[in-house]
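Read the structure below first, then the notes.
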Amino acid sequence: MPEAATVASCNVTCATASAWLRFSSNDVFHLAAQSLPTVSWQDPVGTFESNIMGSLYLFEAVRHMKRRPVIVSACSSAEYGHVPASAMPVSEEQPLLPLHPYGISKVCLDLLAREYFLDYGVPAVNLRLFNTTGPGKTNDAPSDFVRQLVKIRHGLQPPILEVGNLRPRRAFLDVSDTVRGFYVAALRGKHGEAYNLCANRTYRISELLDFAIRLSAVKIEVRGASHLMRPSDEKIIFGRTEKFRKQTGWKPVRSIEQTLQSMLDYWDSRVTTAGKSGDATLSDSLGLASREGQRA
């Protein structure tokens with residue numbers, strides 16, 4: 001976090017919580033959400049309250065501002081749901097048929113932003129994010145693999161790595177490329193439009209695991225775990241990004257190997273720092289207290 005940054009916390013489900021936006025002249029990058037499909041099955045009401053009503057309150061606050069900032073909203077590839085292989089990579093014109101409450105909530109955000117632009121002139125750009133990962137990320141397959149490997153490397157876990165479904169194909173975008181995407185969307189995105197934001201190739205989850213094991217240089221046993229399986233899952237998630245590239249000039253620059261290495265370095269540093277400070281609970285620094293299911 002930059003030293004000059006001002007941090008303010010609020011409850012997005014409270015209608016008055018976004019009122020502070022009226023005193024801001026900056027662009028708004030809207031990422032506030034309950035973002036786990038697994039949790040959305042368990043708590044659809046809470047997911048809708050945060051993702052739909054929270055977004056509505058945000059757009060209402062901006063609507064009443066004299067100078068309306070651009071709102072770049074984090075929508076999701078989960079809006080597309082199951083897409084046949086013949087339609088891959090999926091374009092923005094693909095019908096929106098989500099498979100879980102989380103995906104439904106993001107469809108609502110997508111439509112809400114578009115209507116606030118058409119009806120009220122609120123400048124809004126939607127980014128349909130495909131899989132994103134990087135240092136500090138939790139609750140997805142690559143971060144779960146990396147953190148377990150770091151625990152094994154430091155003797156905090158037996159050399160056994162539990163995994164969910166390794167067959168799906170995913171295109172994981174480095175978080176730094178995602179951040180650049182948000183920035184150029186605010187500068188050059190066409191208001192009222194939705195754009196895919198995705199890496200330029202897919203890998204099987206098993207391939208990502210192999211990359212992570214090779215980079216970590218540890219010997220392990222891989223075991224399947226039923227509690228890491230989802231009730232339903234998309235076989236492949238891959239987005240066409242020509243529309244966004246043409247509009248903004250954006251393109252991903254980080255390889256998946258670079259991303260995984262930066263994640264290994266990040267979690268290694270967490271353990272090293274905790275060890276030097278005499279922390280008796282090193283594993284807590286890895287954020288592995290609970291894993292409700294790998295989010296691919």
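Residue numbering restarts at 1 for every chain of the structure tokens, chains are lettered A, B, ... in their displayed order, and ligands are numbered from 1 as they appear.
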I want to know what sits within 9 Å of stretch 177-182 of chain A, based on only C-alpha atoms, with residues of the same chain fewer than 5 positions away left out; could you give that as a PDB file with C-alpha atoms, in the first residue's frame?
```
ATOM      1  CA  PHE A  29     -12.365   0.365  -8.838  1.00  0.00           C
ATOM      2  CA  VAL A  72     -14.585  -0.007 -13.185  1.00  0.00           C
ATOM      3  CA  SER A  73     -16.405  -3.051 -11.805  1.00  0.00           C
ATOM      4  CA  ALA A  74     -14.940  -6.494 -11.221  1.00  0.00           C
ATOM      5  CA  LEU A 127     -14.259  -6.172 -16.617  1.00  0.00           C
ATOM      6  CA  LEU A 129     -12.341 -11.254 -14.859  1.00  0.00           C
ATOM      7  CA  THR A 132      -6.363 -14.195 -11.498  1.00  0.00           C
ATOM      8  CA  LEU A 187      -8.473   5.598 -18.925  1.00  0.00           C
ATOM      9  CA  LEU A 197      -9.787  -9.829 -18.950  1.00  0.00           C
ATOM     10  CA  CYS A 198      -7.925 -13.121 -19.295  1.00  0.00           C
ATOM     11  CA  ALA A 199      -4.500 -14.699 -19.747  1.00  0.00           C
ATOM     12  CA  PHE A 244     -10.270  -5.089 -24.717  1.00  0.00           C
ATOM     13  CA  THR A 248      -7.057  -0.080 -24.658  1.00  0.00           C
ATOM     14  CA  TRP A 250      -3.598  -3.886 -22.890  1.00  0.00           C
ATOM     15  CA  LYS A 251      -1.947  -7.307 -23.043  1.00  0.00           C
ATOM     16  CA  PRO A 252      -0.646  -9.730 -20.385  1.00  0.00           C
ATOM     17  CA  VAL A 253       3.127  -9.786 -19.912  1.00  0.00           C
ATOM     18  CA  ARG A 254       3.781 -12.246 -17.041  1.00  0.00           C
TER      19      ARG A 254
END
```
*Check stretch 95-294 of chain A with DSSP on the backbone and list each residue it calls strand (DSSP E or B), as a PyMOL selection string.*
chain A and resi 97+124-129+132-133+160-163+169-170+173-174+194-197+203-204+221-224+236-237+239
Selection file, N, CA and C atoms, as an mmCIF file, in the first residue's frame:
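To be explicit, this is the file written out as selection.cif:
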```cif
data_model
loop_
_atom_site.group_PDB
_atom_site.id
_atom_site.type_symbol
_atom_site.label_atom_id
_atom_site.label_comp_id
_atom_site.auth_asym_id
_atom_site.auth_seq_id
_atom_site.Cartn_x
_atom_site.Cartn_y
_atom_site.Cartn_z
ATOM 1 N N LEU A 97 -25.083 -17.595 -18.601
ATOM 2 C CA LEU A 97 -25.817 -18.706 -17.987
ATOM 3 C C LEU A 97 -25.019 -19.249 -16.800
ATOM 4 N N ALA A 124 -19.405 3.898 -16.541
ATOM 5 C CA ALA A 124 -19.121 2.575 -15.989
ATOM 6 C C ALA A 124 -18.475 1.692 -17.042
ATOM 7 N N VAL A 125 -17.466 0.942 -16.618
ATOM 8 C CA VAL A 125 -16.804 -0.047 -17.461
ATOM 9 C C VAL A 125 -16.750 -1.347 -16.676
ATOM 10 N N ASN A 126 -17.160 -2.443 -17.292
ATOM 11 C CA ASN A 126 -17.166 -3.737 -16.620
ATOM 12 C C ASN A 126 -16.049 -4.622 -17.154
ATOM 13 N N LEU A 127 -15.283 -5.204 -16.252
ATOM 14 C CA LEU A 127 -14.259 -6.172 -16.617
ATOM 15 C C LEU A 127 -14.698 -7.548 -16.146
ATOM 16 N N ARG A 128 -14.946 -8.441 -17.088
ATOM 17 C CA ARG A 128 -15.293 -9.826 -16.740
ATOM 18 C C ARG A 128 -13.984 -10.575 -16.509
ATOM 19 N N LEU A 129 -13.626 -10.670 -15.238
ATOM 20 C CA LEU A 129 -12.341 -11.254 -14.859
ATOM 21 C C LEU A 129 -12.375 -12.764 -14.973
ATOM 22 N N THR A 132 -7.479 -15.077 -11.838
ATOM 23 C CA THR A 132 -6.363 -14.195 -11.498
ATOM 24 C C THR A 132 -5.681 -14.732 -10.248
ATOM 25 N N THR A 133 -4.366 -14.714 -10.235
ATOM 26 C CA THR A 133 -3.648 -15.160 -9.046
ATOM 27 C C THR A 133 -2.334 -14.401 -8.923
ATOM 28 N N ILE A 160 2.850 -34.426 1.989
ATOM 29 C CA ILE A 160 1.623 -34.886 1.322
ATOM 30 C C ILE A 160 0.819 -33.652 0.928
ATOM 31 N N LEU A 161 0.477 -33.539 -0.344
ATOM 32 C CA LEU A 161 -0.260 -32.385 -0.842
ATOM 33 C C LEU A 161 -1.653 -32.828 -1.281
ATOM 34 N N GLU A 162 -2.682 -32.299 -0.615
ATOM 35 C CA GLU A 162 -4.064 -32.637 -0.939
ATOM 36 C C GLU A 162 -4.573 -31.753 -2.065
ATOM 37 N N VAL A 163 -5.289 -32.379 -3.008
ATOM 38 C CA VAL A 163 -5.774 -31.640 -4.176
ATOM 39 C C VAL A 163 -7.229 -31.994 -4.457
ATOM 40 N N ARG A 169 -9.338 -26.972 -17.170
ATOM 41 C CA ARG A 169 -8.346 -26.092 -17.789
ATOM 42 C C ARG A 169 -8.664 -24.645 -17.418
ATOM 43 N N ARG A 170 -7.644 -23.915 -17.025
ATOM 44 C CA ARG A 170 -7.818 -22.530 -16.621
ATOM 45 C C ARG A 170 -6.696 -21.666 -17.212
ATOM 46 N N LEU A 173 -4.286 -15.350 -14.904
ATOM 47 C CA LEU A 173 -3.646 -14.069 -15.192
ATOM 48 C C LEU A 173 -2.927 -13.572 -13.945
ATOM 49 N N ASP A 174 -1.691 -13.099 -14.115
ATOM 50 C CA ASP A 174 -0.953 -12.541 -12.983
ATOM 51 C C ASP A 174 -1.660 -11.291 -12.469
ATOM 52 N N ALA A 194 -18.703 -4.035 -21.566
ATOM 53 C CA ALA A 194 -18.098 -5.105 -20.776
ATOM 54 C C ALA A 194 -16.971 -5.724 -21.585
ATOM 55 N N TYR A 195 -15.869 -6.022 -20.906
ATOM 56 C CA TYR A 195 -14.696 -6.591 -21.563
ATOM 57 C C TYR A 195 -14.197 -7.801 -20.783
ATOM 58 N N ASN A 196 -13.758 -8.823 -21.517
ATOM 59 C CA ASN A 196 -13.073 -9.943 -20.884
ATOM 60 C C ASN A 196 -11.651 -9.536 -20.520
ATOM 61 N N LEU A 197 -11.179 -10.020 -19.370
ATOM 62 C CA LEU A 197 -9.787 -9.829 -18.950
ATOM 63 C C LEU A 197 -9.246 -11.208 -18.592
ATOM 64 N N TYR A 203 -4.062 -23.855 -19.016
ATOM 65 C CA TYR A 203 -3.328 -25.017 -18.528
ATOM 66 C C TYR A 203 -4.290 -25.882 -17.732
ATOM 67 N N ARG A 204 -4.071 -27.194 -17.773
ATOM 68 C CA ARG A 204 -4.787 -28.048 -16.832
ATOM 69 C C ARG A 204 -4.295 -27.730 -15.419
ATOM 70 N N GLU A 221 4.028 -36.413 -2.030
ATOM 71 C CA GLU A 221 2.982 -37.326 -2.498
ATOM 72 C C GLU A 221 1.719 -36.502 -2.721
ATOM 73 N N VAL A 222 1.079 -36.688 -3.877
ATOM 74 C CA VAL A 222 -0.152 -35.962 -4.198
ATOM 75 C C VAL A 222 -1.342 -36.866 -3.907
ATOM 76 N N ARG A 223 -2.303 -36.362 -3.115
ATOM 77 C CA ARG A 223 -3.499 -37.127 -2.751
ATOM 78 C C ARG A 223 -4.760 -36.348 -3.096
ATOM 79 N N GLY A 224 -5.732 -37.050 -3.657
ATOM 80 C CA GLY A 224 -7.030 -36.438 -3.901
ATOM 81 C C GLY A 224 -7.806 -36.320 -2.601
ATOM 82 N N ILE A 236 -13.572 -25.963 -18.702
ATOM 83 C CA ILE A 236 -12.575 -25.035 -19.211
ATOM 84 C C ILE A 236 -13.099 -23.613 -19.063
ATOM 85 N N ILE A 237 -12.229 -22.704 -18.665
ATOM 86 C CA ILE A 237 -12.562 -21.282 -18.587
ATOM 87 C C ILE A 237 -11.462 -20.525 -19.321
ATOM 88 N N GLY A 239 -11.074 -16.905 -21.934
ATOM 89 C CA GLY A 239 -11.761 -15.773 -22.529
ATOM 90 C C GLY A 239 -11.036 -15.140 -23.700
#
```
*Identify all residues of stretch 112-276 of chain A in alpha helix (DSSP H) (DSSP on the backbone) and supply them as a PyMOL selection string.*
chain A and resi 112-120+141-153+175-188+205-216+242-248+256-276
*Can you work out the spacing between atom CA of A:Gln261 and atom CA of A:Ser216 in Å, to one decimal?*
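Computing it gives 8.3 Å between the two atoms.
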*In terms of the shortest atom-to-atom distance over only C-alpha atoms, which of A:Thr13, A:Ser40, A:Ser77, A:Ser255 is closest to A:Leu58?*
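Selected residue with least distance to A:Leu58: A:Thr13.
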*Two-atom distance - atom CA of A:Leu260, atom CA of A:Thr272 (Å)*: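 Pair atom CA of A:Leu260 / atom CA of A:Thr272 returns 18.3 Å.
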*Give the answer as one residue: which of A:His227, A:Arg153, A:Lys246, A:Lys190 has the shortest atom-to-atom distance to A:Ile213, using only C-alpha atoms?*
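Answer, going by the shortest atom-to-atom distance: A:Arg153.
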_Under the rule that only C-alpha atoms are counted, which of A:Phe145, A:Asn200, A:Lys235, A:Tyr120 is the nearest residue to A:Gly81?_
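When distances to A:Gly81 are compared using only C-alpha atoms, the smallest one comes from A:Lys235.
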*Interatomic distance, atom CA of A:Tyr102 to atom CA of A:Ser35 (Å, one decimal)*: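 For atom CA of A:Tyr102 relative to atom CA of A:Ser35, the distance reads 6.9 Å.
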